[in-house]
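Listing of query_0.txt; format and content: compact mmCIF, C-alpha atoms.
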```txt
# COMPACT_ATOMS: atom_id res chain seq x y z
CA MET A 1 0.00 0.00 0.00
CA SER A 2 1.19 3.52 -0.62
CA GLY A 3 0.02 6.98 0.24
CA HIS A 4 -0.33 9.03 3.35
CA ASN A 5 -2.61 8.70 6.35
CA TYR A 6 -2.71 10.23 9.80
CA MET A 7 -4.48 9.83 13.17
CA LYS A 8 -4.33 11.60 16.51
CA LEU A 9 -5.70 10.39 19.83
CA ALA A 10 -5.72 12.29 23.14
CA PHE A 11 -6.91 10.69 26.37
CA ALA A 12 -6.76 10.92 30.17
CA SER A 13 -3.68 9.46 31.87
CA ARG A 14 -5.62 6.53 33.31
CA SER A 15 -4.25 2.99 33.15
CA GLU A 16 -7.39 1.56 31.51
CA ASN A 17 -6.53 3.71 28.47
CA GLU A 18 -3.33 1.71 27.84
CA ALA A 19 -5.38 -1.05 26.17
CA PHE A 20 -7.53 1.54 24.37
CA ALA A 21 -4.44 3.23 22.89
CA ARG A 22 -2.68 0.06 21.68
CA ILE A 23 -5.85 -1.42 20.18
CA THR A 24 -6.67 1.84 18.37
CA VAL A 25 -3.18 2.14 16.88
CA ALA A 26 -3.23 -1.56 15.90
CA ALA A 27 -6.55 -1.04 14.10
CA PHE A 28 -5.09 1.98 12.25
CA VAL A 29 -1.98 0.04 11.24
CA THR A 30 -3.88 -2.92 9.75
CA GLN A 31 -4.15 -0.96 6.48
CA LEU A 32 -0.41 -1.64 6.02
CA ASP A 33 -1.21 -5.36 6.17
CA PRO A 34 1.29 -6.19 8.91
CA THR A 35 2.10 -9.70 10.12
CA MET A 36 0.78 -10.81 13.54
CA GLU A 37 4.29 -10.42 14.89
CA GLN A 38 4.60 -6.82 13.63
CA LEU A 39 1.18 -6.00 15.04
CA ASP A 40 2.17 -7.46 18.43
CA GLU A 41 5.35 -5.38 18.39
CA ILE A 42 3.44 -2.17 17.66
CA LYS A 43 0.86 -2.90 20.37
CA THR A 44 3.62 -3.59 22.88
CA VAL A 45 5.49 -0.41 21.98
CA VAL A 46 2.36 1.76 22.32
CA SER A 47 1.59 0.10 25.64
CA GLU A 48 5.12 0.76 26.95
CA ALA A 49 5.10 4.41 25.88
CA VAL A 50 1.63 5.17 27.28
CA THR A 51 2.42 3.33 30.53
CA ASN A 52 5.61 5.40 30.90
CA ALA A 53 3.65 8.63 30.36
CA ILE A 54 1.15 7.62 33.07
CA ILE A 55 3.57 6.22 35.66
CA HIS A 56 6.62 8.41 35.14
CA GLY A 57 5.38 11.48 33.22
CA TYR A 58 2.34 12.12 35.39
CA ASN A 59 3.48 10.12 38.42
CA GLY A 60 0.21 8.19 38.53
CA SER A 61 -2.01 11.29 38.43
CA GLU A 62 -5.11 10.79 36.26
CA GLN A 63 -5.38 14.51 35.49
CA GLY A 64 -2.87 14.49 32.61
CA THR A 65 -3.40 14.01 28.90
CA VAL A 66 -1.48 11.51 26.79
CA THR A 67 -1.36 12.10 23.04
CA VAL A 68 -0.72 9.40 20.45
CA GLU A 69 -0.15 10.31 16.81
CA ALA A 70 0.39 7.81 14.03
CA THR A 71 1.36 8.59 10.46
CA ILE A 72 1.59 6.21 7.55
CA ASP A 73 3.84 7.23 4.70
CA GLY A 74 4.13 4.54 2.07
CA ASP A 75 5.17 1.44 4.02
CA THR A 76 6.47 3.33 7.06
CA LEU A 77 4.62 3.90 10.30
CA SER A 78 5.68 6.86 12.46
CA LEU A 79 4.47 7.06 16.04
CA THR A 80 4.65 10.04 18.38
CA ILE A 81 3.58 9.51 21.98
CA SER A 82 3.71 12.53 24.25
CA ASP A 83 2.81 13.82 27.68
CA GLU A 84 3.08 17.19 29.41
CA GLY A 85 4.38 15.67 32.61
CA GLY A 86 7.57 15.95 34.62
CA GLY A 87 10.04 14.86 31.96
CA ILE A 88 12.91 12.38 32.30
CA GLU A 89 15.81 13.47 34.48
CA ASP A 90 18.50 11.30 32.88
CA VAL A 91 17.56 9.84 29.50
CA GLU A 92 20.77 7.83 29.10
CA LEU A 93 20.15 6.13 32.44
CA ALA A 94 16.46 5.54 31.62
CA ARG A 95 17.48 3.78 28.39
CA GLN A 96 19.66 1.25 30.22
CA PRO A 97 18.09 -2.23 30.21
CA LEU A 98 16.62 -3.16 33.61
CA TYR A 99 17.05 0.36 35.02
CA THR A 100 13.93 1.71 36.71
CA SER A 101 13.36 4.85 38.75
CA LYS A 102 10.44 3.09 40.46
CA PRO A 103 11.59 -0.35 41.65
CA GLU A 104 9.01 -0.20 44.47
CA LEU A 105 6.27 -0.42 41.81
CA GLU A 106 7.76 -3.63 40.39
CA ARG A 107 8.68 -1.98 37.15
CA SER A 108 10.94 -4.22 35.08
CA GLY A 109 13.01 -1.41 33.58
CA MET A 110 12.57 -2.92 30.13
CA GLY A 111 10.24 -0.35 28.52
CA PHE A 112 12.85 1.61 26.55
CA THR A 113 14.77 -1.55 25.58
CA ILE A 114 11.58 -3.09 24.18
CA MET A 115 10.68 0.07 22.23
CA GLU A 116 14.19 0.32 20.76
CA ASN A 117 14.18 -3.35 19.80
CA PHE A 118 10.73 -3.46 18.25
CA MET A 119 11.03 -0.27 16.21
CA ASP A 120 13.53 0.75 13.50
CA ALA A 121 14.08 4.28 14.84
CA PHE A 122 13.55 5.66 18.33
CA GLU A 123 14.10 9.17 19.72
CA VAL A 124 13.38 10.81 23.06
CA GLU A 125 12.69 14.50 23.48
CA THR A 126 12.28 15.52 27.11
CA SER A 127 12.82 18.40 29.49
CA GLN A 128 12.39 18.78 33.23
CA GLY A 129 8.81 19.88 33.78
CA GLY A 130 8.27 20.19 30.04
CA GLY A 131 6.99 16.71 29.27
CA THR A 132 8.30 13.87 27.13
CA LYS A 133 7.82 13.09 23.47
CA LEU A 134 8.83 9.74 22.00
CA ARG A 135 9.19 9.51 18.23
CA MET A 136 9.46 6.13 16.59
CA LYS A 137 9.41 4.64 13.12
CA LYS A 138 8.86 1.18 11.76
CA ARG A 139 8.79 -0.10 8.22
CA ILE A 140 6.03 -2.60 7.52
CA GLU A 141 6.88 -4.69 4.51
CA SER A 142 3.58 -5.74 3.14
CA LYS A 143 2.80 -9.46 3.00
CA LYS A 144 1.21 -8.81 -0.38
CA ALA A 145 4.46 -7.38 -1.73
CA LEU A 146 6.32 -10.51 -0.61
CA PHE A 147 3.99 -12.79 -2.53
CA ASN A 148 3.90 -10.74 -5.75
CA MET B 1 -9.23 -6.16 27.25
CA SER B 2 -9.34 -7.37 30.79
CA LEU B 3 -7.54 -10.19 32.48
CA GLN B 4 -8.82 -13.28 34.24
CA VAL B 5 -6.73 -15.08 36.81
CA GLU B 6 -7.65 -18.71 37.37
CA LEU B 7 -6.14 -20.48 40.37
CA GLU B 8 -6.00 -24.20 40.98
CA GLN B 9 -4.15 -26.17 43.59
CA HIS B 10 -2.62 -29.50 42.64
CA ARG B 11 -1.05 -31.04 45.78
CA ASN B 12 1.64 -28.55 46.80
CA VAL B 13 1.64 -26.79 43.44
CA LEU B 14 -0.38 -23.66 42.70
CA ILE B 15 -1.42 -23.44 39.05
CA VAL B 16 -2.09 -19.89 37.86
CA ARG B 17 -3.71 -19.46 34.45
CA LEU B 18 -3.75 -15.98 32.94
CA ARG B 19 -6.38 -15.27 30.31
CA GLY B 20 -6.52 -11.97 28.43
CA GLU B 21 -4.13 -9.03 28.46
CA LEU B 22 -1.47 -8.38 31.08
CA ASP B 23 -0.36 -4.76 31.25
CA HIS B 24 0.16 -2.06 33.89
CA HIS B 25 -3.61 -1.77 34.38
CA THR B 26 -4.19 -5.48 34.99
CA ALA B 27 -0.89 -6.24 36.77
CA ASP B 28 -2.29 -5.45 40.23
CA VAL B 29 -4.96 -8.17 39.98
CA VAL B 30 -2.31 -10.76 39.17
CA ARG B 31 -0.08 -9.51 41.98
CA PHE B 32 -2.84 -9.59 44.63
CA LYS B 33 -4.41 -12.89 43.62
CA MET B 34 -1.11 -14.73 43.37
CA GLU B 35 0.27 -13.20 46.55
CA ASP B 36 -2.86 -14.12 48.46
CA ALA B 37 -2.87 -17.71 47.19
CA ILE B 38 0.87 -18.21 47.80
CA LEU B 39 0.79 -16.77 51.32
CA ARG B 40 -2.45 -18.43 52.44
CA GLY B 41 -2.34 -21.72 50.58
CA ARG B 42 -0.17 -24.67 51.38
CA CYS B 43 1.62 -24.59 48.07
CA ASP B 44 5.38 -24.64 47.72
CA HIS B 45 5.64 -24.21 43.98
CA VAL B 46 3.89 -22.27 41.23
CA VAL B 47 3.14 -23.09 37.60
CA LEU B 48 2.26 -19.97 35.63
CA SER B 49 0.31 -21.03 32.56
CA LEU B 50 0.34 -18.44 29.77
CA LYS B 51 -1.57 -20.42 27.14
CA ASP B 52 -4.45 -17.93 26.91
CA LEU B 53 -2.45 -14.78 27.53
CA GLN B 54 -3.08 -12.73 24.42
CA PHE B 55 -0.95 -9.72 25.25
CA MET B 56 1.81 -8.81 27.66
CA ASP B 57 4.19 -5.87 28.02
CA SER B 58 7.03 -5.01 30.41
CA SER B 59 4.58 -4.49 33.29
CA GLY B 60 3.94 -8.23 33.03
CA LEU B 61 7.67 -8.95 33.26
CA GLY B 62 7.76 -6.93 36.49
CA VAL B 63 4.86 -8.77 38.06
CA ILE B 64 6.20 -12.22 37.05
CA LEU B 65 9.66 -11.40 38.38
CA GLY B 66 8.13 -10.14 41.64
CA ARG B 67 6.18 -13.38 42.21
CA TYR B 68 9.22 -15.45 41.24
CA LYS B 69 11.18 -13.71 44.01
CA LEU B 70 8.39 -14.34 46.54
CA VAL B 71 8.14 -18.06 45.72
CA LYS B 72 11.93 -18.41 45.77
CA SER B 73 12.22 -16.62 49.14
CA ARG B 74 9.84 -19.23 50.57
CA GLY B 75 12.00 -22.05 49.28
CA GLY B 76 9.78 -22.93 46.32
CA LYS B 77 10.15 -22.97 42.58
CA MET B 78 8.16 -21.13 39.93
CA VAL B 79 8.00 -22.35 36.34
CA ILE B 80 6.18 -21.18 33.22
CA SER B 81 4.14 -23.20 30.74
CA ASP B 82 2.58 -22.73 27.28
CA ILE B 83 4.36 -19.52 26.36
CA GLN B 84 3.25 -17.63 23.21
CA THR B 85 5.71 -16.30 20.63
CA SER B 86 5.15 -12.62 21.49
CA VAL B 87 5.63 -13.24 25.22
CA LYS B 88 8.67 -15.39 24.48
CA ARG B 89 10.41 -12.44 22.82
CA LEU B 90 9.94 -10.30 25.93
CA PHE B 91 11.38 -13.10 28.06
CA GLU B 92 14.39 -13.28 25.75
CA LEU B 93 14.97 -9.51 25.76
CA SER B 94 14.78 -9.27 29.55
CA GLY B 95 16.84 -12.38 30.28
CA LEU B 96 13.97 -13.93 32.25
CA PHE B 97 14.69 -17.29 30.57
CA LYS B 98 17.91 -17.43 32.58
CA ILE B 99 16.02 -17.73 35.86
CA LEU B 100 12.67 -19.22 34.85
CA SER B 101 12.24 -22.67 33.33
CA VAL B 102 9.66 -22.89 30.57
CA TYR B 103 7.69 -26.05 29.74
CA GLU B 104 5.51 -26.80 26.75
CA THR B 105 2.51 -27.92 28.75
CA GLU B 106 1.08 -27.50 32.24
CA ARG B 107 1.41 -31.22 32.76
CA SER B 108 5.16 -31.28 32.04
CA ALA B 109 5.62 -28.18 34.22
CA ILE B 110 3.87 -29.90 37.15
CA ALA B 111 5.87 -33.08 36.55
CA SER B 112 9.11 -31.08 36.77
CA LEU B 113 8.07 -29.70 40.17
CA GLU B 114 7.05 -33.06 41.59
CA VAL B 115 10.58 -34.23 41.00
CA VAL B 116 11.81 -31.21 42.92
CA SER B 117 9.61 -31.57 46.00
```
Would you put the structure from the file into structure tokens?
Amino acid sequence: MSGHNYMKLAFASRSENEAFARITVAAFVTQLDPTMEQLDEIKTVVSEAVTNAIIHGYNGSEQGTVTVEATIDGDTLSLTISDEGGGIEDVELARQPLYTSKPELERSGMGFTIMENFMDAFEVETSQGGGTKLRMKKRIESKKALFN
Amino acid sequence: MSLQVELEQHRNVLIVRLRGELDHHTADVVRFKMEDAILRGRCDHVVLSLKDLQFMDSSGLGVILGRYKLVKSRGGKMVISDIQTSVKRLFELSGLFKILSVYETERSAIASLEVVS
């Protein structure tokens, strides 16, 4: 499939919206005809990013807004997931596998590692008190193209 | 989009079957139900069956690791059965395979524990 498409979703920073966000993005992405594995990866990545925004960005407060944007350009999916929360103090440290700033909440510290592994490109834009924006890209090679 | 936790006791083994989606929102239910059953029941070991787990993210890794530590601290063993491909990749990335044994079926997981106890 080719062409351009775009969606934007804004919702309250409540944990029940994690499933809502990943299912919505997955439904949007189906037009690229992804494999089950690619769809699972995208759902996981959205879930990680939204969970981070809720737990770390807004520190569990349900008063914040999380924004998810998805763009399809040809066979590439771009995702932007942002919050207007507290920001990440040390991005390099946060990106270390198994590092978590909230071990008391049984966080595994694998969120960033999973996002980096499941996507082709991954960038973090954050500032103290100014929120966090994650930008990611993934190429979805169409199953149809493989068979033609 | 929710998660069901089914508990069954087989001698000194607690079988926990997760059905649905395990994320940050549903992790607390798993934590509380498993903790309650492990602390109150007379089980030494745990089999965590993931056959019907349709989705899991890193919040699930945290909750599994937490229960593994609890079972281990009480001298028991926790093993996993029926793992799906997507969950398997998370286990590989996080290194959870190094500490948790995975069996193809619940039956073989239970059998492995009966040798232990």
| query | Would you list which chain A residues are within 6 Å of chain B using all atoms listed in the file, as a list in words? | reply | Ser15, Glu16, Thr44, Glu106, Arg107, Ser108, Met110 and Gly111 of chain A
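Reported to one decimal place, the separation of atom CA of A:Glu123 from atom CA of A:Ile55 is 19.3 Å.
Interatomic distance, atom CA of B:Leu18 against atom CA of B:Val79: 13.8 Å.
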Atom CA of B:Leu14 to atom CA of B:Val46 measures 4.7 Å
Using all atoms listed in the file, the best pick from A:Glu116, A:Asp73, A:Asp90, A:Glu62 as closest to A:Ser13 would be A:Glu62
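Between A:Val68 and the candidates A:Ile114, A:Leu39, A:Ala10, A:Val29, the tightest atom-to-atom separation, counting all atoms listed in the file, involves A:Ala10.
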For this session: Counting all atoms listed in the file, note down every residue that has an atom within 10 Å of the point (-0.3, 16.5, 30.0) (file coordinates), as a count of residues only.
Result: 22
Taking only C-alpha atoms into account, name the residue in B:Leu96, B:Leu70, B:Leu48, B:Val115 that is nearest to B:Leu7.
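Of B:Leu96, B:Leu70, B:Leu48, B:Val115, the one nearest B:Leu7 is B:Leu48, counting only C-alpha atoms.
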* Quick one: everything within 12 Å of A:Val124, counting all atoms listed in the file, minus sequence neighbours fewer than 6 positions away in the same chain. Send it as JSON, numbers by chain. => {"A": [49, 79, 80, 81, 82, 83, 87, 88, 89, 90, 91, 92, 94, 95, 112, 115, 116, 131, 132, 133, 134, 135, 136]}
Point to revise | Non-local contacts of B:Arg74 (10 Å; all atoms listed in the file; under 2 positions in same chain excluded) as a VMD selection string | key: chain B and resid 38 to 39 44 to 45 69 to 72 76 to 77
How big is the axis-aligned box around the listed atoms of stretch 69-72 of chain B once 4 Å is added on each side, and where is its centre? Give both in Å to one decimal, as lines of an AutoDock Vina configuration file.
```
center_x = 10.0
center_y = -16.1
center_z = 45.3
size_x = 11.8
size_y = 12.7
size_z = 10.5
```
| Nearest to A:Ala70 among A:Thr126, A:Thr24, A:Asn117, A:Asn17, with distances taken over all atoms listed in the file: which residue is it? |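 Closest to A:Ala70 of all the choices is A:Thr24.
Every protein or nucleic acid residue with an atom no more than 10 Å from A:Leu77, counting only C-alpha atoms and leaving out same-chain residues fewer than 2 positions away, appears here: His4, Asn5, Tyr6, Val29, Leu32, Ile42, Ala70, Thr71, Ile72, Asp73, Gly74, Asp75, Leu79, Met119, Asp120, Met136, Lys137, Lys138, Arg139 and Ile140 of chain A.
Closest approach to B:His10 among B:Lys88, B:Lys98, B:Asp28, B:Gly41 is made by B:Gly41 (distances from all atoms listed in the file).
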Exercise for the section: Might you pull out every residue within 12 Å of A:Ala27, with all atoms listed in the file counted and same-chain residues fewer than 4 positions away left off, and present them as an MDAnalysis selection string? Expected result: chainID A and resid 7 20:23 31:34 39:40 42:43 70
Here's a test: counting all atoms listed in the file, identify every protein, DNA and RNA residue with an atom at most 9 Å from (-3.3, -17.1, 29.2) in the file's coordinate frame, and state them as a PyMOL selection string. chain B and resi 3-5+17-21+48-55+82-84
Would you fill out stretch 73-89 of chain B with N, CA and C atoms and return it as a PDB file, in the frame of the given file?
```pdb
ATOM      1  N   SER B  73      11.884 -16.981  47.753  1.00  0.00           N
ATOM      2  CA  SER B  73      12.220 -16.620  49.140  1.00  0.00           C
ATOM      3  C   SER B  73      11.581 -17.581  50.135  1.00  0.00           C
ATOM      4  N   ARG B  74      10.509 -18.261  49.702  1.00  0.00           N
ATOM      5  CA  ARG B  74       9.840 -19.230  50.570  1.00  0.00           C
ATOM      6  C   ARG B  74      10.332 -20.662  50.309  1.00  0.00           C
ATOM      7  N   GLY B  75      11.390 -20.748  49.533  1.00  0.00           N
ATOM      8  CA  GLY B  75      12.000 -22.050  49.280  1.00  0.00           C
ATOM      9  C   GLY B  75      11.362 -22.841  48.156  1.00  0.00           C
ATOM     10  N   GLY B  76      10.453 -22.227  47.404  1.00  0.00           N
ATOM     11  CA  GLY B  76       9.780 -22.930  46.320  1.00  0.00           C
ATOM     12  C   GLY B  76      10.365 -22.629  44.963  1.00  0.00           C
ATOM     13  N   LYS B  77       9.690 -23.156  43.953  1.00  0.00           N
ATOM     14  CA  LYS B  77      10.150 -22.970  42.580  1.00  0.00           C
ATOM     15  C   LYS B  77       8.970 -22.477  41.745  1.00  0.00           C
ATOM     16  N   MET B  78       9.229 -21.581  40.825  1.00  0.00           N
ATOM     17  CA  MET B  78       8.160 -21.130  39.930  1.00  0.00           C
ATOM     18  C   MET B  78       8.588 -21.421  38.501  1.00  0.00           C
ATOM     19  N   VAL B  79       7.696 -22.051  37.733  1.00  0.00           N
ATOM     20  CA  VAL B  79       8.000 -22.350  36.340  1.00  0.00           C
ATOM     21  C   VAL B  79       6.854 -21.850  35.453  1.00  0.00           C
ATOM     22  N   ILE B  80       7.150 -21.715  34.174  1.00  0.00           N
ATOM     23  CA  ILE B  80       6.180 -21.180  33.220  1.00  0.00           C
ATOM     24  C   ILE B  80       5.773 -22.288  32.255  1.00  0.00           C
ATOM     25  N   SER B  81       4.515 -22.246  31.781  1.00  0.00           N
ATOM     26  CA  SER B  81       4.140 -23.200  30.740  1.00  0.00           C
ATOM     27  C   SER B  81       3.358 -22.521  29.618  1.00  0.00           C
ATOM     28  N   ASP B  82       3.360 -23.170  28.457  1.00  0.00           N
ATOM     29  CA  ASP B  82       2.580 -22.730  27.280  1.00  0.00           C
ATOM     30  C   ASP B  82       2.824 -21.277  26.902  1.00  0.00           C
ATOM     31  N   ILE B  83       4.054 -20.921  26.647  1.00  0.00           N
ATOM     32  CA  ILE B  83       4.360 -19.520  26.360  1.00  0.00           C
ATOM     33  C   ILE B  83       4.131 -19.207  24.874  1.00  0.00           C
ATOM     34  N   GLN B  84       3.521 -18.051  24.601  1.00  0.00           N
ATOM     35  CA  GLN B  84       3.250 -17.630  23.210  1.00  0.00           C
ATOM     36  C   GLN B  84       4.480 -16.936  22.626  1.00  0.00           C
ATOM     37  N   THR B  85       4.538 -16.886  21.296  1.00  0.00           N
ATOM     38  CA  THR B  85       5.710 -16.300  20.630  1.00  0.00           C
ATOM     39  C   THR B  85       5.995 -14.865  21.068  1.00  0.00           C
ATOM     40  N   SER B  86       4.927 -14.033  21.156  1.00  0.00           N
ATOM     41  CA  SER B  86       5.150 -12.620  21.490  1.00  0.00           C
ATOM     42  C   SER B  86       5.688 -12.471  22.917  1.00  0.00           C
ATOM     43  N   VAL B  87       5.178 -13.295  23.825  1.00  0.00           N
ATOM     44  CA  VAL B  87       5.630 -13.240  25.220  1.00  0.00           C
ATOM     45  C   VAL B  87       7.063 -13.779  25.323  1.00  0.00           C
ATOM     46  N   LYS B  88       7.338 -14.785  24.501  1.00  0.00           N
ATOM     47  CA  LYS B  88       8.670 -15.390  24.480  1.00  0.00           C
ATOM     48  C   LYS B  88       9.747 -14.354  24.147  1.00  0.00           C
ATOM     49  N   ARG B  89       9.423 -13.470  23.206  1.00  0.00           N
ATOM     50  CA  ARG B  89      10.410 -12.440  22.820  1.00  0.00           C
ATOM     51  C   ARG B  89      10.724 -11.500  23.976  1.00  0.00           C
TER      52      ARG B  89
END
```
